[in-house]
file run.pdb (PDB, C-alpha atoms, pLDDT in the B column)
MODEL        1
ATOM      1  CA  MET E   1    -157.499 -58.381  32.462  1.00 37.00           C
ATOM      2  CA  ASP E   2    -160.472 -56.088  33.171  1.00 43.00           C
ATOM      3  CA  LEU E   3    -163.953 -56.073  31.663  1.00 39.00           C
ATOM      4  CA  PHE E   4    -163.032 -53.738  28.821  1.00 35.00           C
ATOM      5  CA  ASP E   5    -159.993 -55.811  27.858  1.00 45.00           C
ATOM      6  CA  LYS E   6    -162.140 -58.968  27.763  1.00 51.00           C
ATOM      7  CA  ALA E   7    -164.675 -57.191  25.564  1.00 45.00           C
ATOM      8  CA  GLY E   8    -161.957 -55.946  23.246  1.00 47.00           C
ATOM      9  CA  VAL E   9    -162.785 -52.291  23.889  1.00 42.00           C
ATOM     10  CA  ASP E  10    -159.924 -49.926  23.064  1.00 45.00           C
ATOM     11  CA  LEU E  11    -160.102 -47.094  25.596  1.00 48.00           C
ATOM     12  CA  LYS E  12    -157.386 -45.212  23.731  1.00 58.00           C
ATOM     13  CA  PRO E  13    -158.404 -45.516  20.081  1.00 71.00           C
ATOM     14  CA  LYS E  14    -155.811 -44.631  17.474  1.00 88.00           C
ATOM     15  CA  PRO E  15    -156.406 -42.579  14.330  1.00 96.00           C
ATOM     16  CA  ASP E  16    -157.702 -44.559  11.374  1.00 96.00           C
ATOM     17  CA  TRP E  17    -158.769 -44.146   7.748  1.00 96.00           C
ATOM     18  CA  GLN E  18    -162.558 -44.289   8.154  1.00 96.00           C
ATOM     19  CA  PHE E  19    -163.222 -40.597   7.535  1.00 97.00           C
ATOM     20  CA  GLU E  20    -160.988 -40.425   4.478  1.00 97.00           C
ATOM     21  CA  ALA E  21    -162.601 -43.617   3.155  1.00 96.00           C
ATOM     22  CA  ALA E  22    -166.115 -42.218   3.669  1.00 96.00           C
ATOM     23  CA  LEU E  23    -165.270 -39.084   1.717  1.00 97.00           C
ATOM     24  CA  LYS E  24    -163.739 -41.152  -1.060  1.00 96.00           C
ATOM     25  CA  ARG E  25    -166.907 -43.265  -1.250  1.00 95.00           C
ATOM     26  CA  GLY E  26    -168.814 -40.017  -1.555  1.00 96.00           C
ATOM     27  CA  GLY E  27    -166.814 -39.090  -4.618  1.00 97.00           C
ATOM     28  CA  PHE E  28    -164.182 -36.856  -3.011  1.00 97.00           C
ATOM     29  CA  SER E  29    -160.575 -37.752  -3.764  1.00 97.00           C
ATOM     30  CA  PRO E  30    -157.928 -36.931  -2.803  1.00 98.00           C
ATOM     31  CA  VAL E  31    -158.620 -35.883   0.791  1.00 98.00           C
ATOM     32  CA  CYS E  32    -156.275 -33.755   2.894  1.00 98.00           C
ATOM     33  CA  GLY E  33    -155.991 -33.613   6.657  1.00 98.00           C
ATOM     34  CA  VAL E  34    -155.511 -30.159   8.188  1.00 98.00           C
ATOM     35  CA  ASP E  35    -154.408 -29.068  11.652  1.00 98.00           C
ATOM     36  CA  GLU E  36    -152.748 -26.106  13.335  1.00 98.00           C
ATOM     37  CA  VAL E  37    -150.530 -25.558  16.355  1.00 98.00           C
ATOM     38  CA  GLY E  38    -149.627 -22.494  18.344  1.00 97.00           C
ATOM     39  CA  ARG E  39    -152.871 -20.810  19.369  1.00 97.00           C
ATOM     40  CA  GLY E  40    -151.898 -20.586  23.026  1.00 97.00           C
ATOM     41  CA  PRO E  41    -148.288 -19.308  23.100  1.00 98.00           C
ATOM     42  CA  LEU E  42    -147.412 -15.707  23.904  1.00 98.00           C
ATOM     43  CA  ALA E  43    -144.822 -15.578  21.125  1.00 98.00           C
ATOM     44  CA  GLY E  44    -144.286 -16.797  17.596  1.00 98.00           C
ATOM     45  CA  PRO E  45    -146.574 -17.470  14.642  1.00 98.00           C
ATOM     46  CA  VAL E  46    -149.427 -19.922  14.433  1.00 98.00           C
ATOM     47  CA  VAL E  47    -148.545 -22.782  12.074  1.00 98.00           C
ATOM     48  CA  ALA E  48    -150.815 -25.037  10.043  1.00 98.00           C
ATOM     49  CA  ALA E  49    -150.151 -28.106   7.930  1.00 98.00           C
ATOM     50  CA  ALA E  50    -152.076 -30.044   5.311  1.00 98.00           C
ATOM     51  CA  VAL E  51    -151.258 -33.634   4.340  1.00 98.00           C
ATOM     52  CA  ILE E  52    -152.509 -35.967   1.596  1.00 98.00           C
ATOM     53  CA  PHE E  53    -151.754 -39.690   1.775  1.00 98.00           C
ATOM     54  CA  ASN E  54    -152.033 -42.610  -0.562  1.00 95.00           C
ATOM     55  CA  GLU E  55    -153.863 -45.150   1.617  1.00 94.00           C
ATOM     56  CA  ALA E  56    -151.329 -47.812   0.662  1.00 95.00           C
ATOM     57  CA  ASN E  57    -148.377 -45.779   1.909  1.00 96.00           C
ATOM     58  CA  ILE E  58    -148.984 -44.388   5.381  1.00 97.00           C
ATOM     59  CA  PRO E  59    -146.344 -44.423   8.167  1.00 96.00           C
ATOM     60  CA  ASP E  60    -147.051 -46.621  11.167  1.00 94.00           C
ATOM     61  CA  GLY E  61    -147.630 -45.052  14.572  1.00 94.00           C
ATOM     62  CA  LEU E  62    -149.369 -41.821  13.592  1.00 96.00           C
ATOM     63  CA  ASN E  63    -151.231 -40.155  16.447  1.00 93.00           C
ATOM     64  CA  ASP E  64    -152.111 -36.797  17.931  1.00 91.00           C
ATOM     65  CA  SER E  65    -148.753 -35.000  18.130  1.00 93.00           C
ATOM     66  CA  LYS E  66    -149.377 -34.167  21.801  1.00 90.00           C
ATOM     67  CA  LYS E  67    -149.419 -37.891  22.621  1.00 92.00           C
ATOM     68  CA  LEU E  68    -146.006 -38.540  21.062  1.00 93.00           C
ATOM     69  CA  SER E  69    -142.520 -37.928  22.402  1.00 93.00           C
ATOM     70  CA  GLU E  70    -140.358 -35.338  20.674  1.00 93.00           C
ATOM     71  CA  LYS E  71    -138.110 -38.104  19.327  1.00 96.00           C
ATOM     72  CA  ARG E  72    -141.074 -39.988  17.896  1.00 96.00           C
ATOM     73  CA  ARG E  73    -142.549 -36.836  16.353  1.00 96.00           C
ATOM     74  CA  GLU E  74    -139.227 -36.050  14.670  1.00 96.00           C
ATOM     75  CA  ALA E  75    -138.998 -39.556  13.221  1.00 97.00           C
ATOM     76  CA  LEU E  76    -142.583 -39.480  11.968  1.00 97.00           C
ATOM     77  CA  TYR E  77    -142.062 -36.017  10.489  1.00 98.00           C
ATOM     78  CA  ASP E  78    -139.375 -37.403   8.192  1.00 97.00           C
ATOM     79  CA  GLN E  79    -141.506 -40.414   7.274  1.00 98.00           C
ATOM     80  CA  ILE E  80    -144.540 -38.266   6.484  1.00 98.00           C
ATOM     81  CA  MET E  81    -142.482 -35.913   4.332  1.00 98.00           C
ATOM     82  CA  GLU E  82    -141.115 -38.917   2.426  1.00 97.00           C
ATOM     83  CA  GLN E  83    -144.285 -40.989   2.058  1.00 97.00           C
ATOM     84  CA  ALA E  84    -147.122 -38.461   1.678  1.00 98.00           C
ATOM     85  CA  LEU E  85    -148.450 -37.534  -1.744  1.00 98.00           C
ATOM     86  CA  SER E  86    -148.310 -33.874  -0.754  1.00 98.00           C
ATOM     87  CA  VAL E  87    -147.444 -31.847   2.355  1.00 98.00           C
ATOM     88  CA  SER E  88    -147.809 -28.121   2.869  1.00 98.00           C
ATOM     89  CA  VAL E  89    -146.927 -25.935   5.863  1.00 98.00           C
ATOM     90  CA  ALA E  90    -148.053 -22.336   6.297  1.00 98.00           C
ATOM     91  CA  GLN E  91    -148.016 -19.638   8.951  1.00 98.00           C
ATOM     92  CA  ALA E  92    -149.885 -16.596  10.141  1.00 98.00           C
ATOM     93  CA  SER E  93    -147.469 -14.068  11.574  1.00 98.00           C
ATOM     94  CA  VAL E  94    -147.466 -12.373  14.953  1.00 98.00           C
ATOM     95  CA  GLU E  95    -148.553  -9.178  13.210  1.00 98.00           C
ATOM     96  CA  GLU E  96    -151.491 -10.963  11.605  1.00 98.00           C
ATOM     97  CA  ILE E  97    -152.444 -12.533  14.940  1.00 98.00           C
ATOM     98  CA  ASP E  98    -152.482  -9.087  16.549  1.00 98.00           C
ATOM     99  CA  ASP E  99    -154.410  -7.602  13.624  1.00 98.00           C
ATOM    100  CA  ILE E 100    -157.195 -10.156  13.126  1.00 98.00           C
ATOM    101  CA  ASN E 101    -157.061 -12.207  16.405  1.00 98.00           C
ATOM    102  CA  ILE E 102    -155.661 -15.674  17.006  1.00 98.00           C
ATOM    103  CA  LEU E 103    -158.733 -17.630  15.880  1.00 97.00           C
ATOM    104  CA  GLU E 104    -158.934 -15.885  12.517  1.00 98.00           C
ATOM    105  CA  ALA E 105    -155.159 -16.152  12.119  1.00 98.00           C
ATOM    106  CA  SER E 106    -155.414 -19.916  12.695  1.00 98.00           C
ATOM    107  CA  MET E 107    -158.072 -20.154   9.995  1.00 98.00           C
ATOM    108  CA  LEU E 108    -155.864 -18.096   7.664  1.00 98.00           C
ATOM    109  CA  ALA E 109    -152.882 -20.380   8.243  1.00 98.00           C
ATOM    110  CA  MET E 110    -155.016 -23.437   7.471  1.00 98.00           C
ATOM    111  CA  ARG E 111    -156.302 -21.894   4.231  1.00 98.00           C
ATOM    112  CA  ARG E 112    -152.732 -21.118   3.233  1.00 98.00           C
ATOM    113  CA  ALA E 113    -151.613 -24.659   4.021  1.00 98.00           C
ATOM    114  CA  VAL E 114    -154.302 -26.211   1.837  1.00 98.00           C
ATOM    115  CA  ALA E 115    -153.589 -23.735  -0.972  1.00 98.00           C
ATOM    116  CA  GLY E 116    -149.922 -24.729  -0.853  1.00 98.00           C
ATOM    117  CA  LEU E 117    -150.511 -28.430  -1.592  1.00 98.00           C
ATOM    118  CA  HIS E 118    -149.064 -29.367  -5.000  1.00 98.00           C
ATOM    119  CA  VAL E 119    -151.654 -32.145  -5.259  1.00 97.00           C
ATOM    120  CA  LYS E 120    -155.027 -30.430  -5.176  1.00 97.00           C
ATOM    121  CA  PRO E 121    -157.530 -32.035  -2.771  1.00 98.00           C
ATOM    122  CA  GLU E 122    -161.240 -32.350  -3.403  1.00 98.00           C
ATOM    123  CA  ALA E 123    -162.082 -32.480   0.310  1.00 98.00           C
ATOM    124  CA  ALA E 124    -160.538 -31.638   3.657  1.00 98.00           C
ATOM    125  CA  LEU E 125    -160.735 -33.113   7.133  1.00 98.00           C
ATOM    126  CA  VAL E 126    -160.074 -30.315   9.616  1.00 98.00           C
ATOM    127  CA  ASP E 127    -159.299 -30.673  13.308  1.00 97.00           C
ATOM    128  CA  GLY E 128    -161.722 -28.853  15.587  1.00 96.00           C
ATOM    129  CA  ASN E 129    -165.289 -27.624  15.236  1.00 96.00           C
ATOM    130  CA  ARG E 130    -164.825 -24.692  12.882  1.00 96.00           C
ATOM    131  CA  ALA E 131    -164.203 -24.845   9.143  1.00 97.00           C
ATOM    132  CA  PRO E 132    -161.555 -22.391   7.916  1.00 98.00           C
ATOM    133  CA  GLY E 133    -163.477 -21.353   4.813  1.00 97.00           C
ATOM    134  CA  LEU E 134    -161.895 -23.588   2.186  1.00 98.00           C
ATOM    135  CA  GLU E 135    -163.192 -23.675  -1.362  1.00 95.00           C
ATOM    136  CA  ILE E 136    -163.542 -27.473  -1.218  1.00 98.00           C
ATOM    137  CA  HIS E 137    -165.805 -29.870   0.642  1.00 97.00           C
ATOM    138  CA  THR E 138    -164.850 -29.726   4.325  1.00 98.00           C
ATOM    139  CA  ARG E 139    -165.618 -31.866   7.342  1.00 97.00           C
ATOM    140  CA  THR E 140    -164.582 -30.759  10.810  1.00 97.00           C
ATOM    141  CA  LEU E 141    -163.673 -33.348  13.455  1.00 97.00           C
ATOM    142  CA  ILE E 142    -163.416 -32.563  17.149  1.00 95.00           C
ATOM    143  CA  LYS E 143    -160.205 -34.200  18.395  1.00 95.00           C
ATOM    144  CA  GLY E 144    -159.576 -35.110  14.790  1.00 96.00           C
ATOM    145  CA  ASP E 145    -155.851 -35.498  15.378  1.00 95.00           C
ATOM    146  CA  ALA E 146    -156.667 -38.579  17.466  1.00 95.00           C
ATOM    147  CA  ARG E 147    -159.254 -39.903  14.979  1.00 96.00           C
ATOM    148  CA  SER E 148    -158.018 -39.319  11.431  1.00 97.00           C
ATOM    149  CA  LEU E 149    -154.641 -40.463  10.091  1.00 98.00           C
ATOM    150  CA  SER E 150    -154.418 -37.474   7.747  1.00 98.00           C
ATOM    151  CA  ILE E 151    -155.142 -34.977  10.524  1.00 98.00           C
ATOM    152  CA  ALA E 152    -152.736 -36.767  12.876  1.00 97.00           C
ATOM    153  CA  ALA E 153    -150.018 -36.410  10.248  1.00 98.00           C
ATOM    154  CA  ALA E 154    -150.829 -32.718   9.810  1.00 98.00           C
ATOM    155  CA  SER E 155    -150.614 -32.200  13.567  1.00 98.00           C
ATOM    156  CA  ILE E 156    -147.158 -33.793  13.642  1.00 98.00           C
ATOM    157  CA  ILE E 157    -145.874 -31.750  10.698  1.00 98.00           C
ATOM    158  CA  ALA E 158    -147.172 -28.481  12.148  1.00 98.00           C
ATOM    159  CA  LYS E 159    -145.884 -29.244  15.660  1.00 98.00           C
ATOM    160  CA  VAL E 160    -142.360 -30.226  14.587  1.00 98.00           C
ATOM    161  CA  PHE E 161    -142.114 -27.309  12.157  1.00 98.00           C
ATOM    162  CA  ARG E 162    -143.188 -24.782  14.782  1.00 98.00           C
ATOM    163  CA  ASP E 163    -140.978 -26.241  17.522  1.00 98.00           C
ATOM    164  CA  ARG E 164    -137.980 -25.990  15.208  1.00 98.00           C
ATOM    165  CA  LEU E 165    -138.895 -22.424  14.337  1.00 98.00           C
ATOM    166  CA  MET E 166    -139.202 -21.425  17.988  1.00 98.00           C
ATOM    167  CA  LYS E 167    -135.808 -22.989  18.739  1.00 97.00           C
ATOM    168  CA  LYS E 168    -134.278 -20.810  16.019  1.00 97.00           C
ATOM    169  CA  LEU E 169    -136.002 -17.708  17.387  1.00 96.00           C
ATOM    170  CA  GLY E 170    -134.797 -18.747  20.830  1.00 96.00           C
ATOM    171  CA  GLU E 171    -131.206 -18.526  19.637  1.00 96.00           C
ATOM    172  CA  LYS E 172    -131.772 -14.787  19.157  1.00 93.00           C
ATOM    173  CA  HIS E 173    -133.555 -14.418  22.487  1.00 95.00           C
ATOM    174  CA  PRO E 174    -132.298 -17.191  24.802  1.00 96.00           C
ATOM    175  CA  GLU E 175    -133.644 -15.541  27.954  1.00 96.00           C
ATOM    176  CA  TYR E 176    -137.200 -16.732  27.304  1.00 97.00           C
ATOM    177  CA  GLY E 177    -136.496 -20.451  26.969  1.00 96.00           C
ATOM    178  CA  TRP E 178    -138.376 -20.839  23.698  1.00 97.00           C
ATOM    179  CA  ALA E 179    -136.316 -23.905  22.753  1.00 95.00           C
ATOM    180  CA  SER E 180    -138.117 -25.820  25.495  1.00 95.00           C
ATOM    181  CA  ASN E 181    -141.403 -23.929  26.004  1.00 97.00           C
ATOM    182  CA  ALA E 182    -142.221 -23.026  22.353  1.00 97.00           C
ATOM    183  CA  GLY E 183    -143.394 -19.589  23.453  1.00 97.00           C
ATOM    184  CA  TYR E 184    -145.962 -20.688  26.029  1.00 97.00           C
ATOM    185  CA  GLY E 185    -146.322 -18.591  29.175  1.00 95.00           C
ATOM    186  CA  VAL E 186    -144.409 -20.847  31.549  1.00 96.00           C
ATOM    187  CA  ALA E 187    -142.631 -19.478  34.616  1.00 95.00           C
ATOM    188  CA  LYS E 188    -139.244 -18.915  32.936  1.00 94.00           C
ATOM    189  CA  HIS E 189    -140.849 -17.098  30.034  1.00 97.00           C
ATOM    190  CA  MET E 190    -142.923 -14.869  32.296  1.00 95.00           C
ATOM    191  CA  ALA E 191    -139.926 -14.062  34.503  1.00 95.00           C
ATOM    192  CA  ALA E 192    -137.871 -13.075  31.448  1.00 95.00           C
ATOM    193  CA  LEU E 193    -140.673 -10.852  30.195  1.00 94.00           C
ATOM    194  CA  LYS E 194    -140.617  -8.927  33.469  1.00 91.00           C
ATOM    195  CA  LEU E 195    -136.812  -8.646  33.458  1.00 93.00           C
ATOM    196  CA  VAL E 196    -136.026  -8.159  29.766  1.00 92.00           C
ATOM    197  CA  GLY E 197    -139.284  -6.989  28.256  1.00 93.00           C
ATOM    198  CA  VAL E 198    -141.205  -7.722  25.084  1.00 96.00           C
ATOM    199  CA  THR E 199    -139.636  -8.714  21.751  1.00 96.00           C
ATOM    200  CA  PRO E 200    -141.027  -8.197  18.214  1.00 96.00           C
ATOM    201  CA  PHE E 201    -141.939 -11.897  18.275  1.00 97.00           C
ATOM    202  CA  HIS E 202    -144.409 -11.495  21.145  1.00 98.00           C
ATOM    203  CA  ARG E 203    -148.149 -11.272  20.533  1.00 98.00           C
ATOM    204  CA  LYS E 204    -149.062  -7.808  21.737  1.00 97.00           C
ATOM    205  CA  SER E 205    -152.792  -8.535  21.640  1.00 97.00           C
ATOM    206  CA  PHE E 206    -152.446 -11.298  24.259  1.00 97.00           C
ATOM    207  CA  ALA E 207    -153.362 -10.131  27.760  1.00 94.00           C
ATOM    208  CA  PRO E 208    -150.036 -10.859  29.570  1.00 94.00           C
ATOM    209  CA  ILE E 209    -148.048  -9.045  26.881  1.00 95.00           C
ATOM    210  CA  ARG E 210    -150.525  -6.175  26.669  1.00 93.00           C
ATOM    211  CA  GLN E 211    -150.358  -5.738  30.435  1.00 91.00           C
ATOM    212  CA  ILE E 212    -146.549  -5.534  30.397  1.00 90.00           C
ATOM    213  CA  LEU E 213    -146.618  -2.991  27.580  1.00 90.00           C
ATOM    214  CA  ASN E 214    -149.181  -0.895  29.441  1.00 87.00           C
ATOM    215  CA  GLU E 215    -146.940  -0.864  32.516  1.00 77.00           C
ATOM    216  CA  GLU E 216    -143.919   0.399  30.609  1.00 64.00           C
TER     217      GLU E 216
ENDMDL
END

call {"tool": "encode", "arguments": {"input": "run.pdb", "output": "structure tokens"}}
result
Amino acid sequence: MDLFDKAGVDLKPKPDWQFEAALKRGGFSPVCGVDEVGRGPLAGPVVAAAVIFNEANIPDGLNDSKKLSEKRREALYDQIMEQALSVSVAQASVEEIDDINILEASMLAMRRAVAGLHVKPEAALVDGNRAPGLEIHTRTLIKGDARSLSIAAASIIAKVFRDRLMKKLGEKHPEYGWASNAGYGVAKHMAALKLVGVTPFHRKSFAPIRQILNEE
């Protein structure tokens, strides 16, 4: 046992309810957690999710979706959908990404996700350092998916939803390996782009895709 263990210091803290509780004490209830996935890929939409929990009914094991195995994310996805007061998923399309840029498209997807909640929140906890322009009280949290249970849940919902979507798109275009790479620019994807070319699902404003189109 090292010094940190003896002192009871958790070097890998898990998401908790402190931020939601603070907002509730401030008079804001309910509170939704908001996160997005898919800023980096060369193909596919950006996806955002918003989740509202009852504090007494939260699945165990929530964490940043990137820290969970695919099997664990899938299991938690089902639990979140069953136990949350409200869940909403929204997208910004490839065309919107190319039109307004990926950052603004991410903000748009988050606004759509919050608007789609059937339980209307009074405040939002948003992953990252930029507020998406919601019409409710908003607090941004850097690495919020590892700090807030509501944001962690949103990250899982958005990640699983987008991975499933990319697998379906990959059935139409199996050459790119989207079922396993989710549209990111890994070696197999880049090799297929050079051999097969660009699909309507590729982000033409992204430099690697733009370069290929310019060479054609």

call {"tool": "resolve_selection", "arguments": {"input": "run.pdb", "expression": "the PyMOL selection byres ((chain E and resi 140) around 6)", "output": "PDB file with C-alpha atoms, keeping the file's coordinate frame"}}
result
ATOM      1  CA  LEU E 125    -160.735 -33.113   7.133  1.00 98.00           C
ATOM      2  CA  VAL E 126    -160.074 -30.315   9.616  1.00 98.00           C
ATOM      3  CA  ASP E 127    -159.299 -30.673  13.308  1.00 97.00           C
ATOM      4  CA  GLY E 128    -161.722 -28.853  15.587  1.00 96.00           C
ATOM      5  CA  ASN E 129    -165.289 -27.624  15.236  1.00 96.00           C
ATOM      6  CA  ARG E 139    -165.618 -31.866   7.342  1.00 97.00           C
ATOM      7  CA  LEU E 141    -163.673 -33.348  13.455  1.00 97.00           C
TER       8      LEU E 141
END

call {"tool": "resolve_selection", "arguments": {"input": "run.pdb", "expression": "the PyMOL selection byres ((chain E and resi 84) around 8)", "output": "compact mmCIF listing (two decimals) with C-alpha atoms, keeping the file's coordinate frame"}}
result
# COMPACT_ATOMS: atom_id res chain seq x y z
CA VAL E 51 -151.26 -33.63 4.34
CA ILE E 52 -152.51 -35.97 1.60
CA PHE E 53 -151.75 -39.69 1.78
CA ASN E 54 -152.03 -42.61 -0.56
CA ASN E 57 -148.38 -45.78 1.91
CA ILE E 58 -148.98 -44.39 5.38
CA ILE E 80 -144.54 -38.27 6.48
CA MET E 81 -142.48 -35.91 4.33
CA GLU E 82 -141.12 -38.92 2.43
CA GLN E 83 -144.28 -40.99 2.06
CA LEU E 85 -148.45 -37.53 -1.74
CA SER E 86 -148.31 -33.87 -0.75
CA VAL E 87 -147.44 -31.85 2.36

call {"tool": "atom_distance", "arguments": {"input": "run.pdb", "atom1": "atom CA of Lys66 of chain E", "atom2": "atom CA of Ala146 of chain E"}}
result
9.6 Å

call {"tool": "resolve_selection", "arguments": {"input": "run.pdb", "expression": "the PyMOL selection byres ((chain E and resi 161) around 12)", "output": "MDAnalysis selection string"}}
result
chainID E and resid 36:38 45:49 65 70 73:74 77:78 81 88:91 154:160 162:168 182

call {"tool": "atom_distance", "arguments": {"input": "run.pdb", "atom1": "atom CA of Arg112 of chain E", "atom2": "atom CA of Ser93 of chain E"}}
result
12.1 Å

call {"tool": "residues_around", "arguments": {"input": "run.pdb", "residues": "Asp64 of chain E", "least_positions_apart": "3", "cutoff": "10 Å", "atoms": "only C-alpha atoms", "output": "list in words"}}
result
Lys14, Pro15, Gly61, Lys67, Leu68, Arg73, Lys143, Gly144, Asp145, Ala146, Arg147, Ser148, Leu149, Ile151, Ala152, Ala153, Ala154, Ser155 and Ile156 of chain E

call {"tool": "closest_residue", "arguments": {"input": "run.pdb", "among": "E:Ser205, E:Thr138, E:Ser69, E:Gln79", "to": "Phe28 of chain E", "atoms": "all atoms listed in the file"}}
result
E:Thr138

call {"tool": "residues_near_point", "arguments": {"input": "run.pdb", "point": "(-139.8, -12.9, 27.5)", "cutoff": "9 Å", "atoms": "only C-alpha atoms", "output": "PyMOL selection string"}}
result
chain E and resi 42-43+173+175-178+183+185+188-199+202
